[in-house]
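Enquirer: My file is start_36.pdb. It has PDB, C-alpha atoms and all ligand atoms:
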ATOM      1  CA  PRO S   1    -101.258 -65.672  63.394
ATOM      2  CA  MET S   2    -101.499 -69.243  64.668
ATOM      3  CA  ALA S   3     -97.882 -69.749  65.661
ATOM      4  CA  SER S   4     -97.766 -66.735  67.942
ATOM      5  CA  SER S   5    -101.037 -67.215  69.804
ATOM      6  CA  CYS S   6     -99.317 -68.891  72.758
ATOM      7  CA  ILE S   7     -96.639 -66.231  73.203
ATOM      8  CA  SER S   8     -96.922 -63.850  76.143
ATOM      9  CA  SER S   9     -97.576 -60.192  75.423
ATOM     10  CA  GLU S  10     -94.161 -59.354  76.822
ATOM     11  CA  ALA S  11     -92.511 -61.713  74.345
ATOM     12  CA  GLN S  12     -94.698 -60.302  71.578
ATOM     13  CA  GLU S  13     -93.358 -56.845  72.428
ATOM     14  CA  GLU S  14     -89.772 -58.149  72.333
ATOM     15  CA  LEU S  15     -90.382 -59.724  68.948
ATOM     16  CA  SER S  16     -91.719 -56.493  67.549
ATOM     17  CA  ARG S  17     -88.513 -54.616  68.326
ATOM     18  CA  HIS S  18     -86.154 -57.040  66.600
ATOM     19  CA  PRO S  19     -85.654 -56.279  62.889
ATOM     20  CA  CYS S  20     -85.224 -59.964  62.005
ATOM     21  CA  TYR S  21     -88.092 -61.360  64.065
ATOM     22  CA  SER S  22     -90.519 -58.732  62.828
ATOM     23  CA  GLU S  23     -90.924 -57.671  59.221
ATOM     24  CA  GLU S  24     -92.445 -54.400  60.399
ATOM     25  CA  ALA S  25     -89.567 -53.654  62.785
ATOM     26  CA  HIS S  26     -86.954 -54.032  60.089
ATOM     27  CA  ARG S  27     -87.898 -50.669  58.652
ATOM     28  CA  PHE S  28     -87.397 -48.817  61.928
ATOM     29  CA  PHE S  29     -84.984 -50.665  64.175
ATOM     30  CA  ALA S  30     -81.300 -51.231  63.530
ATOM     31  CA  ARG S  31     -79.097 -54.133  64.522
ATOM     32  CA  MET S  32     -75.387 -54.414  64.957
ATOM     33  CA  HIS S  33     -73.263 -57.567  64.707
ATOM     34  CA  LEU S  34     -70.022 -57.786  66.667
ATOM     35  CA  PRO S  35     -67.435 -60.069  64.998
ATOM     36  CA  VAL S  36     -65.659 -61.355  68.106
ATOM     37  CA  ALA S  37     -65.866 -65.120  67.423
ATOM     38  CA  PRO S  38     -63.398 -66.469  64.846
ATOM     39  CA  ALA S  39     -63.210 -70.205  65.703
ATOM     40  CA  CYS S  40     -65.653 -72.923  64.694
ATOM     41  CA  ASN S  41     -66.228 -76.440  66.000
ATOM     42  CA  ILE S  42     -67.844 -78.028  62.946
ATOM     43  CA  GLN S  43     -67.329 -78.079  59.187
ATOM     44  CA  CYS S  44     -70.126 -77.320  56.737
ATOM     45  CA  HIS S  45     -69.701 -78.288  53.097
ATOM     46  CA  TYR S  46     -70.774 -74.823  51.940
ATOM     47  CA  CYS S  47     -68.267 -72.997  54.117
ATOM     48  CA  ASN S  48     -64.777 -71.753  53.535
ATOM     49  CA  ARG S  49     -63.170 -70.398  56.697
ATOM     50  CA  LYS S  50     -61.813 -67.445  54.790
ATOM     51  CA  PHE S  51     -65.327 -66.029  54.916
ATOM     52  CA  ASP S  52     -67.962 -65.244  57.521
ATOM     53  CA  CYS S  53     -70.024 -68.068  58.988
ATOM     54  CA  VAL S  54     -73.029 -68.765  56.789
ATOM     55  CA  ASN S  55     -75.201 -69.433  59.861
ATOM     56  CA  GLU S  56     -76.218 -65.841  59.894
ATOM     57  CA  SER S  57     -74.349 -64.213  57.080
ATOM     58  CA  ARG S  58     -72.927 -64.463  53.610
ATOM     59  CA  PRO S  59     -69.541 -65.382  52.251
ATOM     60  CA  GLY S  60     -67.768 -62.602  50.427
ATOM     61  CA  VAL S  61     -65.432 -60.830  52.765
ATOM     62  CA  VAL S  62     -64.375 -61.906  56.204
ATOM     63  CA  SER S  63     -65.223 -59.522  58.998
ATOM     64  CA  GLU S  64     -62.287 -58.115  60.864
ATOM     65  CA  VAL S  65     -62.284 -59.808  64.254
ATOM     66  CA  LEU S  66     -62.622 -57.530  67.292
ATOM     67  CA  THR S  67     -61.525 -58.187  70.852
ATOM     68  CA  PRO S  68     -64.263 -57.874  73.506
ATOM     69  CA  GLU S  69     -62.683 -54.534  74.534
ATOM     70  CA  GLN S  70     -62.803 -53.212  70.968
ATOM     71  CA  ALA S  71     -66.359 -54.469  70.585
ATOM     72  CA  GLU S  72     -67.380 -52.621  73.749
ATOM     73  CA  HIS S  73     -65.814 -49.446  72.452
ATOM     74  CA  LYS S  74     -67.569 -49.841  69.133
ATOM     75  CA  VAL S  75     -70.989 -50.446  70.652
ATOM     76  CA  LYS S  76     -70.660 -47.333  72.766
ATOM     77  CA  GLY S  77     -69.783 -45.233  69.732
ATOM     78  CA  VAL S  78     -72.464 -46.674  67.508
ATOM     79  CA  ALA S  79     -75.210 -46.449  70.158
ATOM     80  CA  ALA S  80     -74.457 -42.748  70.581
ATOM     81  CA  GLN S  81     -74.882 -42.091  66.866
ATOM     82  CA  LEU S  82     -77.423 -44.626  65.680
ATOM     83  CA  MET S  83     -80.642 -43.868  67.520
ATOM     84  CA  GLN S  84     -82.588 -46.788  66.061
ATOM     85  CA  LEU S  85     -80.120 -49.340  67.456
ATOM     86  CA  SER S  86     -82.295 -51.945  69.164
ATOM     87  CA  VAL S  87     -80.356 -55.206  68.838
ATOM     88  CA  VAL S  88     -76.718 -56.173  69.316
ATOM     89  CA  GLY S  89     -75.879 -59.652  68.083
ATOM     90  CA  ILE S  90     -72.897 -61.965  67.859
ATOM     91  CA  ALA S  91     -72.949 -64.140  64.752
ATOM     92  CA  GLY S  92     -69.383 -64.954  63.879
ATOM     93  CA  PRO S  93     -67.291 -64.859  61.833
ATOM     94  CA  GLY S  94     -67.110 -68.454  63.198
ATOM     95  CA  ASP S  95     -69.438 -69.988  65.788
ATOM     96  CA  PRO S  96     -70.023 -67.707  68.803
ATOM     97  CA  LEU S  97     -70.270 -70.629  71.238
ATOM     98  CA  ALA S  98     -67.001 -72.125  69.991
ATOM     99  CA  ASN S  99     -65.607 -68.832  71.371
ATOM    100  CA  ALA S 100     -67.794 -68.820  74.457
ATOM    101  CA  GLU S 101     -65.495 -66.820  76.709
ATOM    102  CA  LYS S 102     -65.077 -63.947  74.246
ATOM    103  CA  THR S 103     -68.731 -64.033  73.278
ATOM    104  CA  PHE S 104     -70.101 -63.842  76.827
ATOM    105  CA  ASP S 105     -67.461 -61.335  77.909
ATOM    106  CA  THR S 106     -68.600 -59.142  75.019
ATOM    107  CA  PHE S 107     -72.284 -59.489  75.907
ATOM    108  CA  ARG S 108     -71.496 -58.542  79.515
ATOM    109  CA  ARG S 109     -69.706 -55.411  78.341
ATOM    110  CA  VAL S 110     -72.474 -54.471  75.924
ATOM    111  CA  LYS S 111     -75.057 -54.846  78.650
ATOM    112  CA  GLN S 112     -73.116 -52.468  80.864
ATOM    113  CA  GLN S 113     -72.629 -49.873  78.149
ATOM    114  CA  VAL S 114     -76.073 -49.957  76.571
ATOM    115  CA  PRO S 115     -78.502 -51.703  78.915
ATOM    116  CA  ASP S 116     -81.493 -50.914  76.693
ATOM    117  CA  VAL S 117     -80.555 -52.944  73.613
ATOM    118  CA  ALA S 118     -81.675 -56.529  73.132
ATOM    119  CA  LEU S 119     -78.914 -59.145  72.933
ATOM    120  CA  CYS S 120     -78.984 -61.727  70.162
ATOM    121  CA  LEU S 121     -76.860 -64.814  69.490
ATOM    122  CA  SER S 122     -76.516 -67.122  66.464
ATOM    123  CA  THR S 123     -74.988 -70.563  66.654
ATOM    124  CA  ASN S 124     -74.709 -73.938  64.983
ATOM    125  CA  GLY S 125     -76.017 -75.286  68.284
ATOM    126  CA  LEU S 126     -73.383 -77.942  68.970
ATOM    127  CA  THR S 127     -72.573 -76.740  72.491
ATOM    128  CA  LEU S 128     -75.747 -74.824  73.199
ATOM    129  CA  TYR S 129     -76.934 -77.103  76.011
ATOM    130  CA  ARG S 130     -73.821 -76.214  78.012
ATOM    131  CA  HIS S 131     -74.583 -72.487  77.860
ATOM    132  CA  VAL S 132     -78.283 -72.262  78.625
ATOM    133  CA  GLU S 133     -77.809 -70.921  82.171
ATOM    134  CA  GLN S 134     -75.327 -68.325  80.998
ATOM    135  CA  ILE S 135     -77.696 -67.184  78.231
ATOM    136  CA  VAL S 136     -80.590 -66.861  80.657
ATOM    137  CA  ALA S 137     -78.442 -65.123  83.286
ATOM    138  CA  LEU S 138     -77.221 -62.511  80.804
ATOM    139  CA  GLY S 139     -80.751 -61.788  79.644
ATOM    140  CA  ILE S 140     -80.098 -62.843  76.042
ATOM    141  CA  ARG S 141     -83.637 -63.128  74.716
ATOM    142  CA  HIS S 142     -83.041 -63.959  71.037
ATOM    143  CA  VAL S 143     -81.118 -67.016  69.877
ATOM    144  CA  THR S 144     -80.813 -68.330  66.328
ATOM    145  CA  ILE S 145     -79.820 -71.943  65.653
ATOM    146  CA  THR S 146     -78.935 -73.054  62.139
ATOM    147  CA  ILE S 147     -80.588 -76.439  61.591
ATOM    148  CA  ASN S 148     -80.340 -77.787  58.068
ATOM    149  CA  ALA S 149     -81.518 -81.336  58.742
ATOM    150  CA  ILE S 150     -83.094 -83.483  61.448
ATOM    151  CA  ASP S 151     -82.201 -86.762  59.708
ATOM    152  CA  PRO S 152     -78.530 -87.810  60.011
ATOM    153  CA  GLU S 153     -78.709 -89.390  56.558
ATOM    154  CA  VAL S 154     -79.379 -85.914  55.166
ATOM    155  CA  GLY S 155     -77.026 -84.224  57.611
ATOM    156  CA  ARG S 156     -74.044 -86.393  56.670
ATOM    157  CA  ASP S 157     -74.033 -84.764  53.220
ATOM    158  CA  ILE S 158     -73.872 -81.318  54.822
ATOM    159  CA  TYR S 159     -71.371 -81.781  57.669
ATOM    160  CA  PRO S 160     -68.197 -83.785  57.044
ATOM    161  CA  TRP S 161     -67.045 -83.518  60.654
ATOM    162  CA  ILE S 162     -67.663 -81.953  64.034
ATOM    163  CA  TYR S 163     -65.356 -81.513  67.005
ATOM    164  CA  ASP S 164     -66.554 -81.680  70.594
ATOM    165  CA  GLU S 165     -64.665 -82.008  73.882
ATOM    166  CA  GLY S 166     -61.510 -83.242  72.250
ATOM    167  CA  VAL S 167     -63.202 -85.788  69.982
ATOM    168  CA  ARG S 168     -63.581 -85.519  66.235
ATOM    169  CA  TYR S 169     -66.678 -87.182  64.743
ATOM    170  CA  GLU S 170     -67.178 -87.912  61.065
ATOM    171  CA  GLY S 171     -69.890 -89.189  58.733
ATOM    172  CA  LYS S 172     -73.219 -90.199  60.167
ATOM    173  CA  ALA S 173     -71.993 -90.045  63.780
ATOM    174  CA  ALA S 174     -71.091 -86.374  63.310
ATOM    175  CA  ALA S 175     -74.493 -85.499  61.891
ATOM    176  CA  GLU S 176     -76.267 -87.538  64.560
ATOM    177  CA  LEU S 177     -74.569 -85.774  67.447
ATOM    178  CA  LEU S 178     -74.916 -82.307  65.930
ATOM    179  CA  ILE S 179     -78.637 -82.750  65.214
ATOM    180  CA  CYS S 180     -79.301 -84.198  68.656
ATOM    181  CA  ARG S 181     -77.560 -81.216  70.292
ATOM    182  CA  GLN S 182     -79.356 -78.677  68.090
ATOM    183  CA  LEU S 183     -82.803 -80.034  68.926
ATOM    184  CA  GLN S 184     -81.923 -80.403  72.603
ATOM    185  CA  GLY S 185     -80.624 -76.818  72.701
ATOM    186  CA  LEU S 186     -83.748 -75.520  71.000
ATOM    187  CA  GLU S 187     -86.024 -77.288  73.446
ATOM    188  CA  LEU S 188     -84.069 -76.174  76.525
ATOM    189  CA  LEU S 189     -84.089 -72.543  75.429
ATOM    190  CA  ALA S 190     -87.754 -72.530  74.455
ATOM    191  CA  GLN S 191     -88.619 -73.975  77.872
ATOM    192  CA  ARG S 192     -86.869 -71.005  79.450
ATOM    193  CA  GLY S 193     -88.869 -68.559  77.365
ATOM    194  CA  ILE S 194     -86.037 -67.596  75.009
ATOM    195  CA  LEU S 195     -87.248 -66.548  71.553
ATOM    196  CA  VAL S 196     -85.604 -69.078  69.262
ATOM    197  CA  LYS S 197     -85.392 -68.548  65.519
ATOM    198  CA  VAL S 198     -84.192 -71.409  63.366
ATOM    199  CA  ASN S 199     -82.226 -70.740  60.217
ATOM    200  CA  SER S 200     -82.132 -73.420  57.524
ATOM    201  CA  ILE S 201     -80.090 -73.201  54.384
ATOM    202  CA  LEU S 202     -81.928 -74.487  51.333
ATOM    203  CA  ILE S 203     -79.527 -76.833  49.553
ATOM    204  CA  PRO S 204     -81.047 -78.190  46.326
ATOM    205  CA  GLY S 205     -80.598 -81.933  45.970
ATOM    206  CA  ILE S 206     -79.706 -82.307  49.655
ATOM    207  CA  ASN S 207     -82.388 -80.934  51.975
ATOM    208  CA  ASP S 208     -84.986 -79.263  49.727
ATOM    209  CA  HIS S 209     -87.573 -82.030  50.280
ATOM    210  CA  HIS S 210     -86.573 -82.451  53.911
ATOM    211  CA  LEU S 211     -87.128 -78.882  55.159
ATOM    212  CA  PRO S 212     -90.899 -79.283  55.761
ATOM    213  CA  ALA S 213     -90.014 -82.056  58.232
ATOM    214  CA  VAL S 214     -87.475 -79.740  59.877
ATOM    215  CA  SER S 215     -90.116 -77.020  60.127
ATOM    216  CA  GLU S 216     -92.643 -79.342  61.744
ATOM    217  CA  ARG S 217     -90.141 -80.575  64.325
ATOM    218  CA  ILE S 218     -88.820 -77.174  65.335
ATOM    219  CA  LYS S 219     -92.338 -75.868  65.693
ATOM    220  CA  LYS S 220     -93.126 -78.692  68.120
ATOM    221  CA  LEU S 221     -89.989 -77.927  70.107
ATOM    222  CA  GLY S 222     -90.971 -74.273  70.476
ATOM    223  CA  ALA S 223     -89.175 -72.241  67.787
ATOM    224  CA  VAL S 224     -91.004 -68.954  67.113
ATOM    225  CA  LEU S 225     -89.703 -68.316  63.611
ATOM    226  CA  HIS S 226     -88.199 -70.249  60.697
ATOM    227  CA  ASN S 227     -85.827 -68.467  58.358
ATOM    228  CA  VAL S 228     -84.978 -70.395  55.208
ATOM    229  CA  THR S 229     -82.183 -68.809  53.217
ATOM    230  CA  PRO S 230     -80.780 -69.804  49.834
ATOM    231  CA  LEU S 231     -77.469 -71.635  49.726
ATOM    232  CA  ILE S 232     -74.591 -69.317  48.965
ATOM    233  CA  ILE S 233     -71.589 -71.390  47.989
ATOM    234  CA  ALA S 234     -68.303 -70.050  49.272
ATOM    235  CA  PRO S 235     -65.485 -70.127  46.734
ATOM    236  CA  GLY S 236     -63.148 -72.976  47.630
ATOM    237  CA  SER S 237     -65.820 -74.869  49.601
ATOM    238  CA  GLN S 238     -66.577 -78.553  49.108
ATOM    239  CA  TYR S 239     -69.923 -77.772  47.474
ATOM    240  CA  GLU S 240     -68.240 -75.537  44.932
ATOM    241  CA  GLN S 241     -65.863 -78.332  44.046
ATOM    242  CA  ASN S 242     -68.819 -80.714  43.693
ATOM    243  CA  GLY S 243     -70.520 -78.316  41.296
ATOM    244  CA  ARG S 244     -73.513 -77.793  43.576
ATOM    245  CA  LYS S 245     -75.873 -74.956  42.665
ATOM    246  CA  ALA S 246     -77.767 -72.332  44.628
ATOM    247  CA  PRO S 247     -81.585 -72.612  44.458
ATOM    248  CA  ARG S 248     -83.570 -70.449  42.065
ATOM    249  CA  PRO S 249     -85.580 -67.683  43.781
ATOM    250  CA  LYS S 250     -88.771 -69.516  42.825
ATOM    251  CA  GLU S 251     -87.727 -72.676  44.678
ATOM    252  CA  LEU S 252     -87.136 -70.663  47.828
ATOM    253  CA  TYR S 253     -90.412 -68.813  47.491
ATOM    254  CA  GLN S 254     -92.396 -72.020  46.944
ATOM    255  CA  LEU S 255     -90.820 -73.690  49.938
ATOM    256  CA  GLN S 256     -91.601 -70.677  52.151
ATOM    257  CA  GLU S 257     -95.217 -70.931  51.018
ATOM    258  CA  VAL S 258     -95.382 -74.611  51.966
ATOM    259  CA  LEU S 259     -93.849 -74.020  55.401
ATOM    260  CA  GLY S 260     -96.127 -71.052  56.108
ATOM    261  CA  ARG S 261     -99.213 -73.123  55.289
ATOM    262  CA  ASP S 262     -98.483 -75.493  58.158
ATOM    263  CA  GLY S 263     -98.721 -72.665  60.665
ATOM    264  CA  MET S 264     -95.027 -71.933  61.188
ATOM    265  CA  LYS S 265     -94.087 -68.281  61.118
ATOM    266  CA  VAL S 266     -91.671 -67.897  58.213
ATOM    267  CA  MET S 267     -89.151 -65.101  57.827
ATOM    268  CA  ARG S 268     -89.022 -63.722  54.285
ATOM    269  CA  HIS S 269     -87.000 -60.549  54.667
ATOM    270  CA  CYS S 270     -83.595 -61.935  55.677
ATOM    271  CA  ARG S 271     -80.742 -60.099  53.987
ATOM    272  CA  GLN S 272     -78.004 -62.579  54.830
ATOM    273  CA  CYS S 273     -75.954 -59.932  56.557
ATOM    274  CA  ARG S 274     -72.273 -60.073  57.364
ATOM    275  CA  ALA S 275     -70.980 -60.871  60.847
ATOM    276  CA  ASP S 276     -70.078 -57.198  61.257
ATOM    277  CA  ALA S 277     -73.182 -55.591  59.737
ATOM    278  CA  ILE S 278     -74.474 -52.355  61.273
ATOM    279  CA  GLY S 279     -77.684 -50.457  60.571
ATOM    280  CA  LEU S 280     -81.150 -51.195  59.260
ATOM    281  CA  LEU S 281     -81.456 -54.526  57.441
ATOM    282  CA  GLY S 282     -80.332 -54.198  53.860
ATOM    283  CA  GLN S 283     -78.327 -51.123  54.707
ATOM    284  CA  ASP S 284     -74.869 -51.877  56.036
ATOM    285  CA  ARG S 285     -73.205 -48.876  57.600
ATOM    286  CA  ASN S 286     -70.218 -50.760  58.997
ATOM    287  CA  GLN S 287     -67.801 -48.510  57.115
ATOM    288  CA  ASP S 288     -69.230 -45.438  58.867
ATOM    289  CA  PHE S 289     -68.339 -46.923  62.220
ATOM    290  CA  THR S 290     -64.836 -48.290  61.893
ATOM    291  CA  LEU S 291     -62.779 -48.074  65.085
ATOM    292  CA  ASP S 292     -60.662 -45.172  63.827
ATOM    293  CA  LYS S 293     -63.795 -43.095  63.187
ATOM    294  CA  LEU S 294     -65.038 -43.752  66.704
ATOM    295  CA  GLU S 295     -61.890 -42.502  68.495
TER
HETATM  296 FE1  LIG G 301     -68.501 -72.341  58.542
HETATM  297 FE2  LIG G 301     -70.391 -71.413  60.170
HETATM  298 FE3  LIG G 301     -70.502 -73.957  59.307
HETATM  299 FE4  LIG G 301     -68.644 -73.182  61.091
HETATM  300  S1  LIG G 301     -70.895 -73.239  61.397
HETATM  301  S2  LIG G 301     -68.302 -74.450  59.259
HETATM  302  S3  LIG G 301     -68.137 -71.105  60.373
HETATM  303  S4  LIG G 301     -70.704 -72.092  58.041
HETATM  304 FE1  LIG G 302     -81.457 -60.713  60.371
HETATM  305 FE2  LIG G 302     -80.989 -62.351  58.302
HETATM  306 FE3  LIG G 302     -79.344 -60.317  58.802
HETATM  307 FE4  LIG G 302     -79.451 -62.350  60.500
HETATM  308  S1  LIG G 302     -78.725 -62.407  58.398
HETATM  309  S2  LIG G 302     -79.365 -60.170  61.015
HETATM  310  S3  LIG G 302     -81.634 -62.946  60.343
HETATM  311  S4  LIG G 302     -81.517 -60.184  58.207
END
Rewrite the coordinates I just gave you, this time as structure tokens.
Ligand code: SF4
Ligand code: SF4
Expert:
Amino acid sequence: PMASSCISSEAQEELSRHPCYSEEAHRFFARMHLPVAPACNIQCHYCNRKFDCVNESRPGVVSEVLTPEQAEHKVKGVAAQLMQLSVVGIAGPGDPLANAEKTFDTFRRVKQQVPDVALCLSTNGLTLYRHVEQIVALGIRHVTITINAIDPEVGRDIYPWIYDEGVRYEGKAAAELLICRQLQGLELLAQRGILVKVNSILIPGINDHHLPAVSERIKKLGAVLHNVTPLIIAPGSQYEQNGRKAPRPKELYQLQEVLGRDGMKVMRHCRQCRADAIGLLGQDRNQDFTLDKLE
């Protein structure tokens, strides 16, 4: 495929062992999300903090937050029982980098316990540029950034505010700063050889016509995969109150076709997992691995 022709064979091998980056791998390799990151530094109109972050998951039930120590214990137990475990990720329930200390402490512990698994991180990207060295140093090879817009005029209808270094931004200024940081973070990571996947949430009436432009831009900046997922509106969120609707499956499918035609590799098998999902994609075995069962 066109988009992957300039990826090293080593990176190609890494891609093929991650169930989200490779459609083939998702049948054989399992992933595990560790919910150690409750706080968030932005507000999305589709989110309600009572649920998991939509960056990499679905609203429905909030994952029970673990401490880094509990997460370490859990990884050890799961790795011993789940032979296909190939990826350990941190995706929430808030933004992992808004909880940077806990997130990186957890990754360090995981690396010690199970050095063979790949580490994976999902973020809204706001503070990504401040963590590039840490990500590289820990050997985190897969990072997902959720980018829903590259135009602040579109972004301002998605993000009412963001909060960075003690300052709260609203309206267009919020969207401008967030987008700038997301694209900067993507470029910095890609330059360091990190395999960056971009998630975009398809929001009818807001960014449906804009996502091809997002795809083109992220491709230029070095993203290896684009995952477009349908809007899931959390109960109690702003979008629910505005009466916004999720896209029809056909709209999503057609958009994926358009993006794929321009040479971007498009993910079509995302299951919108929870921030504490364990197992093969589409099969969540979290309840088999609760802390009490691992004692
Ligand atoms: Fe909610 Fe995630 Fe958006 Fe934060 S980044 S507001 S947790 S959906
Ligand atoms: Fe993979 Fe999608 Fe699940 Fe994330 S939400 S782990 S990209 S299948």
Enquirer: Might I get the box with edges along x, y and z of the file that holds all atoms of ligand LIG 301 (chain G) listed there, padded by 5 Å on every side, given as centre and edge lengths in Å to one decimal, as AutoDock Vina command-line options?
Expert:
--center_x -69.5 --center_y -72.8 --center_z 59.7 --size_x 12.8 --size_y 13.3 --size_z 13.4
Enquirer: Let me make sure I understand: among S:Phe29, S:Tyr239, S:Tyr253, S:Tyr169, which one has the smallest atom-to-atom distance to ligand LIG 302 (chain G) if we use all atoms listed in the file?
Expert: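 Looking only at the distances to ligand LIG 302 (chain G), the closest residue turns out to be S:Phe29.
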Enquirer: If the PyMOL selection byres (((not hetatm)) within 9 of (chain G and resi 302)) is run on the structure shown, which residues does it catch, given as a PDB file with C-alpha atoms, in the coordinates of the input?
Expert:
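Contents of part05.pdb, as written:
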ATOM      1  CA  HIS S  18     -86.154 -57.040  66.600  1.00  0.00           C
ATOM      2  CA  PRO S  19     -85.654 -56.279  62.889  1.00  0.00           C
ATOM      3  CA  CYS S  20     -85.224 -59.964  62.005  1.00  0.00           C
ATOM      4  CA  TYR S  21     -88.092 -61.360  64.065  1.00  0.00           C
ATOM      5  CA  HIS S  26     -86.954 -54.032  60.089  1.00  0.00           C
ATOM      6  CA  ARG S  31     -79.097 -54.133  64.522  1.00  0.00           C
ATOM      7  CA  MET S  32     -75.387 -54.414  64.957  1.00  0.00           C
ATOM      8  CA  HIS S  33     -73.263 -57.567  64.707  1.00  0.00           C
ATOM      9  CA  VAL S  54     -73.029 -68.765  56.789  1.00  0.00           C
ATOM     10  CA  ASN S  55     -75.201 -69.433  59.861  1.00  0.00           C
ATOM     11  CA  GLU S  56     -76.218 -65.841  59.894  1.00  0.00           C
ATOM     12  CA  SER S  57     -74.349 -64.213  57.080  1.00  0.00           C
ATOM     13  CA  ARG S  58     -72.927 -64.463  53.610  1.00  0.00           C
ATOM     14  CA  GLY S  89     -75.879 -59.652  68.083  1.00  0.00           C
ATOM     15  CA  ALA S  91     -72.949 -64.140  64.752  1.00  0.00           C
ATOM     16  CA  SER S 122     -76.516 -67.122  66.464  1.00  0.00           C
ATOM     17  CA  THR S 144     -80.813 -68.330  66.328  1.00  0.00           C
ATOM     18  CA  LYS S 197     -85.392 -68.548  65.519  1.00  0.00           C
ATOM     19  CA  ASN S 199     -82.226 -70.740  60.217  1.00  0.00           C
ATOM     20  CA  ASN S 227     -85.827 -68.467  58.358  1.00  0.00           C
ATOM     21  CA  THR S 229     -82.183 -68.809  53.217  1.00  0.00           C
ATOM     22  CA  MET S 267     -89.151 -65.101  57.827  1.00  0.00           C
ATOM     23  CA  HIS S 269     -87.000 -60.549  54.667  1.00  0.00           C
ATOM     24  CA  CYS S 270     -83.595 -61.935  55.677  1.00  0.00           C
ATOM     25  CA  ARG S 271     -80.742 -60.099  53.987  1.00  0.00           C
ATOM     26  CA  GLN S 272     -78.004 -62.579  54.830  1.00  0.00           C
ATOM     27  CA  CYS S 273     -75.954 -59.932  56.557  1.00  0.00           C
ATOM     28  CA  ARG S 274     -72.273 -60.073  57.364  1.00  0.00           C
ATOM     29  CA  ALA S 275     -70.980 -60.871  60.847  1.00  0.00           C
ATOM     30  CA  ALA S 277     -73.182 -55.591  59.737  1.00  0.00           C
ATOM     31  CA  LEU S 281     -81.456 -54.526  57.441  1.00  0.00           C
ATOM     32  CA  GLY S 282     -80.332 -54.198  53.860  1.00  0.00           C
TER      33      GLY S 282
END
Enquirer: Given the file above and the PyMOL selection byres (((chain S and resi 69-79) around 10) and not hetatm), which residues are selected, and can you give them as a ChimeraX atom specification?
Expert: /S:32-36,65-68,80-86,88,102,105-114,117,278-279,286,288-295
Enquirer: Which residue is closest to ligand LIG 301 (chain G)? Choose from S:Glu24, S:Asp95, S:Asp208, S:Glu187 and count all atoms listed in the file.
Expert: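 Nearest to ligand LIG 301 (chain G): S:Asp95.
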Enquirer: To check your reading of the model: which residues sit at most 10 Å from ligand LIG 301 (chain G) when counting only C-alpha atoms and all ligand atoms? Write the answer as JSON, numbers by chain.
Expert: {"S": [37, 38, 39, 40, 41, 42, 43, 44, 45, 46, 47, 48, 49, 50, 51, 52, 53, 54, 55, 56, 57, 58, 59, 91, 92, 93, 94, 95, 96, 98, 122, 123, 124, 125, 126, 145, 146, 158, 159, 160, 161, 162, 234, 237]}
Enquirer: Enumerate, as a list in words, the residues matched when the PyMOL selection byres (((chain S and resi 252) around 12) and not hetatm) is run on the file above.
Expert: Ser200, Ile201, Leu202, Ile203, Pro204, Asp208, His209, Leu211, Asn227, Val228, Thr229, Pro230, Leu231, Ala246, Pro247, Arg248, Pro249, Lys250, Glu251, Tyr253, Gln254, Leu255, Gln256, Glu257, Val258, Leu259, Val266, Met267 and Arg268 of chain S
Enquirer: Can you list, as an mmCIF file with C-alpha atoms, keeping the file's coordinate frame, every protein, DNA or RNA residue that comes within 10 Å of Ile218 in chain S when you count all atoms listed in the file, leaving out same-chain residues fewer than 6 positions away?
Expert:
data_model
loop_
_atom_site.group_PDB
_atom_site.id
_atom_site.type_symbol
_atom_site.label_atom_id
_atom_site.label_comp_id
_atom_site.auth_asym_id
_atom_site.auth_seq_id
_atom_site.Cartn_x
_atom_site.Cartn_y
_atom_site.Cartn_z
ATOM 1 C CA ILE S 147 -80.588 -76.439 61.591
ATOM 2 C CA ILE S 150 -83.094 -83.483 61.448
ATOM 3 C CA GLN S 182 -79.356 -78.677 68.090
ATOM 4 C CA LEU S 183 -82.803 -80.034 68.926
ATOM 5 C CA LEU S 186 -83.748 -75.520 71.000
ATOM 6 C CA GLU S 187 -86.024 -77.288 73.446
ATOM 7 C CA VAL S 196 -85.604 -69.078 69.262
ATOM 8 C CA LYS S 197 -85.392 -68.548 65.519
ATOM 9 C CA VAL S 198 -84.192 -71.409 63.366
ATOM 10 C CA VAL S 224 -91.004 -68.954 67.113
ATOM 11 C CA LEU S 225 -89.703 -68.316 63.611
ATOM 12 C CA HIS S 226 -88.199 -70.249 60.697
ATOM 13 C CA MET S 264 -95.027 -71.933 61.188
#
Enquirer: Go through S:Ala174, S:Leu121, S:Ala190, S:Ala25 and flag the residue nearest Asp157 in chain S, using only C-alpha atoms for the distances.
Expert: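 Closest to Asp157 in chain S, using only C-alpha atoms: S:Ala174.
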